[in-house]
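Before any comments, here is the structure.
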Amino acid sequence: MVSPMDDAPPPPAPGTNQTGMRARNERLVLTLIRRQGPLAKSEITRLTGLSAQSVSVIMRALEAEGLLTREAPQRGRVGQPSVPMALAPRGALFFGLRIGRRAVEMVLIDFLGTCLARRSARHAAPDVDAVLRFAHESLAAISADLPEAEHARIAGLGIALPDRVWDWPEAADGAATRLRDWAERDIAAELGAALPFPVTLHNDANAACGAELTFGRHRDARDFLHIHMGFYIGGGIVLDGRLYTGARGLAGALGSMPVRDGAGQMRQLIALASLSGLERALWEAGLDGSALWETPEGWALPAPLAEAWLARAAPAIAQAIRAAVAVLDLPLVILDGWMPADLRGALVARVRAALAAPGDDGLLRGLEMPELREGSIGPQGRALGAASGPLRARFMTG
């Protein structure tokens with residue numbers, strides 16, 4: 001049985017009225033249905049420990065609000081047929097803005113995480129004013145295509161942005177000045193001042209992790225490390241079914257983790273296991289490295305170049321995983337990112353083999369290696385994760 005307190009915010013302070021309690025229990029019900037699928041009131045009562053009367057009140061309210069919809073009655077049991085309640089796809093809508101080092105993207109998703117609209121643009125490096133123009137134009141264009149009645153169902157905009165994007169100007173074609181603007185500007189506040197719904201800012205790798213947690217296939221996973229391969233590699237952490245971002249929002253910052261390269265020298269993981277390295281290798285081979293950012297599918301990578309990148313990236317990622325497991329004892333690692341499915345599969349196989357290899361001088365003694373799985377969201381992880389931020393904040397317990 002799941003207690004109403006499990007996976008929920010702290011209880012209200014003494015003297016607080018019941019509004020906060022009811023809102024928390026509503027989020028509990030919505031979270032349960034999202035994770036387990038359509039459920040009847042009797043099943044929700046059993047799983048939550050709430051009274052049957054409380055569950056009935058909550059379900060009626062959520063149905064009236066348009067967040068839940070009735071499915072066909074289940075017959076064949078003793079007594080009245082039960083009526084499963086499911087999430088209503090158009091019950092709420094969410095925008096997600098993904099700001100990357102090579103592209104910017106806006107998506108609109110429904111309550112189930114289905115992408116309803118998408119706009120994108122490429123750049124050599126993100127410029128604050130250009131990104132703001134893109135965001136406003138995209139919001140206006142996508143909203144114009146929605147029925148007027150659904151405008152009120154837009155529940156927020158989440159922004160996914162790399163932490164301290166200005167710290168790596170050497171990878172942005174000399175655009176150091178434009179990148180420094182990000183240290184002085186608050187894009188969430190600037191956008192929020194012009195919009196009628198909440199705007200929240202999220203680390204892009206944490207956002208990708210949030211997309212897997214909210215919409216992914218691995219719903220049995222309560223504790224895992226999520227690795228996202230983008231221009232730079234990044235990570236996110238889920239503990240007890242909730243995205244854990246740390247005291248300063250930097251938890252899971254795998255890219256900054258020190259690891260050894262093939263020559264035994266200490267380097268940050270981003271230098272060995274990021275798509276920026278693959279882009280650079282393409283340019284050095286006289287090929288168009290920018291083609292990587294046009295689409296995440298169908299890359300025409302020369303076999304020797306791909307092999308060299310895999311041979312460098314996989315052992316480095318395995319080192320980072322071992323370090324993370326030593327601290328958090330995570331049983332599962334999920335690897336995903338902006339790349340073709342076949343390259344992701346090859347990378348996962350290489351990392352899995354590196355994790356299974358015996359350690360030198362007993363360095364792995366006392367560690368239990370985690371299961372490694374491919375992610376289920378794919379290249380849209382950061383954009384969907386951005387949109388999932390306001391969804392989790394308003395309609396989920398974690």
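Labeling convention for the structure tokens: chains A, B, ... as they appear, residues from 1 per chain, ligands from 1 in order of appearance.
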
>> Quick one: residues within 7 Å of range 199-213 of chain A, only C-alpha atoms, excluding same-chain residues fewer than 5 positions away - as a PyMOL selection string?
In response: chain A and resi 156-163+188+192+226+228+234-236+243+376-377+381-382+384-386+388

For the selection just defined, write its residues with C-alpha atoms to a file, as a short mmCIF file (atom, residue, chain, number, x, y, z; two decimals), in the first residue's frame.
data_model
loop_
_atom_site.label_atom_id
_atom_site.label_comp_id
_atom_site.auth_asym_id
_atom_site.auth_seq_id
_atom_site.Cartn_x
_atom_site.Cartn_y
_atom_site.Cartn_z
CA GLY A 156 3.34 26.48 -18.07
CA LEU A 157 6.58 26.83 -19.99
CA GLY A 158 9.70 24.96 -18.93
CA ILE A 159 13.14 25.99 -20.18
CA ALA A 160 16.06 23.55 -20.47
CA LEU A 161 19.42 25.33 -20.49
CA PRO A 162 22.94 24.00 -19.88
CA ASP A 163 24.30 25.10 -16.53
CA ALA A 188 12.93 32.80 -17.41
CA GLY A 192 7.64 35.17 -17.70
CA HIS A 226 20.33 9.04 -16.35
CA HIS A 228 22.19 12.20 -21.79
CA GLY A 234 25.32 15.36 -18.82
CA GLY A 235 23.47 13.45 -16.16
CA GLY A 236 20.45 13.39 -13.89
CA LEU A 243 14.16 13.83 -9.69
CA SER A 376 13.16 5.30 -24.15
CA ILE A 377 12.72 9.01 -24.96
CA GLY A 381 14.60 14.23 -24.15
CA ARG A 382 15.69 17.76 -23.27
CA LEU A 384 10.16 17.07 -23.54
CA GLY A 385 11.94 17.29 -20.20
CA ALA A 386 11.66 21.06 -20.23
CA SER A 388 7.65 18.08 -18.07
#

>> I'd like to know which of A:Leu343, A:Ala326, A:Leu239, A:Ile233 is closest to Trp299 in chain A, using only C-alpha atoms.
In response: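 Using only C-alpha atoms, Trp299 in chain A sits closest to A:Leu343.
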
> Using only C-alpha atoms, which of the listed residues (A:Leu97, A:Asp186, A:His151, A:Ala316) sits closest to Met266 in chain A?
Replying inline: A:Ala316

>> Could you tell me how far CA of Pro198 in chain A sits from CA of Arg178 in chain A, in Å to one decimal place?
In response: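 The value is 26.5 Å.
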
> Which value, in Å to one decimal, gives the distance between CA of Ser42 in chain A and CA of Ala61 in chain A?
Replying inline: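 Between these atoms lies a distance of 16.5 Å.
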
>> Which residue is closest to Arg102 in chain A? Choose from A:Gly277, A:Pro126, A:Pro296, A:Gly249 and count only C-alpha atoms.
In response: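 The answer is A:Pro126, which sits nearest to Arg102 in chain A.
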
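By only C-alpha atoms, and with residues fewer than 5 positions from Gln268 in chain A along its chain excluded, the set lying at most 9 Å from it is Leu254, Gly255, Ser256, Met257, Pro258, Val259 and Arg260 of chain A.
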
Based on the selection just made, write N, CA and C atoms of those residues as an mmCIF file, in the first residue's frame.
data_model
loop_
_atom_site.group_PDB
_atom_site.id
_atom_site.type_symbol
_atom_site.label_atom_id
_atom_site.label_comp_id
_atom_site.auth_asym_id
_atom_site.auth_seq_id
_atom_site.Cartn_x
_atom_site.Cartn_y
_atom_site.Cartn_z
ATOM 1 N N LEU A 254 27.645 14.988 -14.558
ATOM 2 C CA LEU A 254 28.661 14.018 -14.952
ATOM 3 C C LEU A 254 29.739 14.612 -15.848
ATOM 4 N N GLY A 255 29.371 15.576 -16.657
ATOM 5 C CA GLY A 255 30.333 16.123 -17.586
ATOM 6 C C GLY A 255 31.568 16.688 -16.918
ATOM 7 N N SER A 256 31.418 17.174 -15.709
ATOM 8 C CA SER A 256 32.542 17.761 -14.983
ATOM 9 C C SER A 256 33.351 16.721 -14.214
ATOM 10 N N MET A 257 32.925 15.472 -14.223
ATOM 11 C CA MET A 257 33.600 14.447 -13.429
ATOM 12 C C MET A 257 34.974 14.128 -14.014
ATOM 13 N N PRO A 258 36.014 14.071 -13.176
ATOM 14 C CA PRO A 258 37.344 13.699 -13.672
ATOM 15 C C PRO A 258 37.452 12.193 -13.908
ATOM 16 N N VAL A 259 37.979 11.825 -15.065
ATOM 17 C CA VAL A 259 38.210 10.423 -15.418
ATOM 18 C C VAL A 259 39.566 10.338 -16.123
ATOM 19 N N ARG A 260 40.081 9.120 -16.283
ATOM 20 C CA ARG A 260 41.351 8.931 -16.970
ATOM 21 C C ARG A 260 41.126 8.614 -18.441
#

>> Let me make sure I understand: among A:Val333, A:Met85, A:Leu287, A:Ile154, which one has the smallest atom-to-atom distance to Ser56 in chain A if we use only C-alpha atoms?
In response: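 Ranking A:Val333, A:Met85, A:Leu287, A:Ile154 by distance to Ser56 in chain A, first place goes to A:Met85.
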
>> Just want the 7 Å neighbourhood of range 113-116 of chain A, counted on only C-alpha atoms, with same-chain residues fewer than 5 positions away dropped. Output as a list in words.
In response: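 Close residues of range 113-116 of chain A: Val107, Leu108 and Phe215 of chain A.
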
> Got a sec: who's within 10 Å of Ser143 in chain A, counting only C-alpha atoms, leaving out chain neighbours fewer than 4 positions off, as a list in words?
Replying inline: Phe95, Leu108, Ala117, Glu137, Ser138, Leu139, Pro147, Glu148, Glu150, His151 and Ile154 of chain A

Store the residues picked out above in a file with C-alpha atoms, as a CSV table (one decimal), in the first residue's frame.
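After the write, again-v1.csv holds the following:
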chain,number,residue,atom,x,y,z
A,95,PHE,CA,5.5,24.3,-23.6
A,108,LEU,CA,4.1,21.8,-27.1
A,117,ALA,CA,3.9,21.0,-32.2
A,137,GLU,CA,7.6,33.8,-32.3
A,138,SER,CA,7.2,30.1,-31.6
A,139,LEU,CA,4.8,30.6,-28.7
A,147,PRO,CA,-8.5,26.1,-30.5
A,148,GLU,CA,-9.3,29.2,-28.5
A,150,GLU,CA,-7.5,25.3,-25.2
A,151,HIS,CA,-5.5,28.4,-24.5
A,154,ILE,CA,-1.7,25.9,-21.2

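When CA of Glu26 in chain A is paired with CA of Ile237 in chain A, their separation reads 25.3 Å.
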
> Can you list every residue in range 19-179 of chain A that DSSP puts in alpha helix (DSSP H), as a PyMOL selection string?
Replying inline: chain A and resi 19-36+41-48+52-64+128-144+176-179

>> Quick one: residues within 9 Å of Thr295 in chain A, only C-alpha atoms, excluding same-chain residues fewer than 3 positions away - as an MDAnalysis selection string?
In response: chainID A and resid 291:292 298:299 338:340

> Hey, which of A:Ser276, A:Ala349, A:His136, A:Glu284 ends up closest to Leu310 in chain A? Count only C-alpha atoms.
Replying inline: A:Ala349

>> When DSSP is applied to the backbone of this structure, which of range 129-289 of chain A are assigned strand (DSSP E)? Write them out as number ranges by chain.
In response: A: 154-161, 199-203, 224-229, 233-239, 242-244, 258-260, 266-268

Residue subset to file, keeping C-alpha atoms, as a PDB file, in the first residue's frame:
ATOM      1  CA  ILE A 154      -1.665  25.870 -21.169  1.00  0.00           C
ATOM      2  CA  ALA A 155      -0.212  25.241 -17.719  1.00  0.00           C
ATOM      3  CA  GLY A 156       3.338  26.476 -18.068  1.00  0.00           C
ATOM      4  CA  LEU A 157       6.582  26.831 -19.991  1.00  0.00           C
ATOM      5  CA  GLY A 158       9.702  24.964 -18.932  1.00  0.00           C
ATOM      6  CA  ILE A 159      13.140  25.992 -20.177  1.00  0.00           C
ATOM      7  CA  ALA A 160      16.057  23.555 -20.469  1.00  0.00           C
ATOM      8  CA  LEU A 161      19.425  25.334 -20.493  1.00  0.00           C
ATOM      9  CA  VAL A 199       7.885  29.881 -16.528  1.00  0.00           C
ATOM     10  CA  THR A 200      10.518  27.670 -14.911  1.00  0.00           C
ATOM     11  CA  LEU A 201      14.210  27.101 -15.663  1.00  0.00           C
ATOM     12  CA  HIS A 202      15.882  23.673 -15.564  1.00  0.00           C
ATOM     13  CA  ASN A 203      19.335  22.242 -16.213  1.00  0.00           C
ATOM     14  CA  PHE A 224      18.626   5.489 -11.349  1.00  0.00           C
ATOM     15  CA  LEU A 225      21.319   7.546 -13.009  1.00  0.00           C
ATOM     16  CA  HIS A 226      20.328   9.042 -16.352  1.00  0.00           C
ATOM     17  CA  ILE A 227      23.035   9.912 -18.878  1.00  0.00           C
ATOM     18  CA  HIS A 228      22.194  12.197 -21.788  1.00  0.00           C
ATOM     19  CA  MET A 229      24.527  12.482 -24.775  1.00  0.00           C
ATOM     20  CA  ILE A 233      27.459  14.749 -21.915  1.00  0.00           C
ATOM     21  CA  GLY A 234      25.319  15.361 -18.824  1.00  0.00           C
ATOM     22  CA  GLY A 235      23.467  13.453 -16.156  1.00  0.00           C
ATOM     23  CA  GLY A 236      20.447  13.390 -13.889  1.00  0.00           C
ATOM     24  CA  ILE A 237      19.585  11.423 -10.752  1.00  0.00           C
ATOM     25  CA  VAL A 238      16.297   9.883  -9.623  1.00  0.00           C
ATOM     26  CA  LEU A 239      15.982   8.827  -5.986  1.00  0.00           C
ATOM     27  CA  ARG A 242      11.744  11.695  -7.712  1.00  0.00           C
ATOM     28  CA  LEU A 243      14.156  13.828  -9.688  1.00  0.00           C
ATOM     29  CA  TYR A 244      16.972  14.878  -7.365  1.00  0.00           C
ATOM     30  CA  PRO A 258      37.344  13.699 -13.672  1.00  0.00           C
ATOM     31  CA  VAL A 259      38.210  10.423 -15.418  1.00  0.00           C
ATOM     32  CA  ARG A 260      41.351   8.931 -16.970  1.00  0.00           C
ATOM     33  CA  MET A 266      43.020  12.943 -15.794  1.00  0.00           C
ATOM     34  CA  ARG A 267      40.455  14.823 -17.878  1.00  0.00           C
ATOM     35  CA  GLN A 268      36.843  15.876 -17.508  1.00  0.00           C
TER      36      GLN A 268
END

>> Restricting the calculation to only C-alpha atoms: of A:Ala130, A:Ala357, A:Ala346, A:Val83, which residue gets closest to Met59 in chain A?
In response: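 Nearest candidate to Met59 in chain A out of A:Ala130, A:Ala357, A:Ala346, A:Val83: A:Val83.
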
> Do you know which residues are at most 10 Å from Pro89 in chain A counting only C-alpha atoms, after dropping those on the same chain fewer than 3 positions away, and could you put them as JSON, numbers by chain?
Replying inline: {"A": [66, 67, 68, 69, 86, 92, 93, 109, 110, 111, 112, 113, 114]}
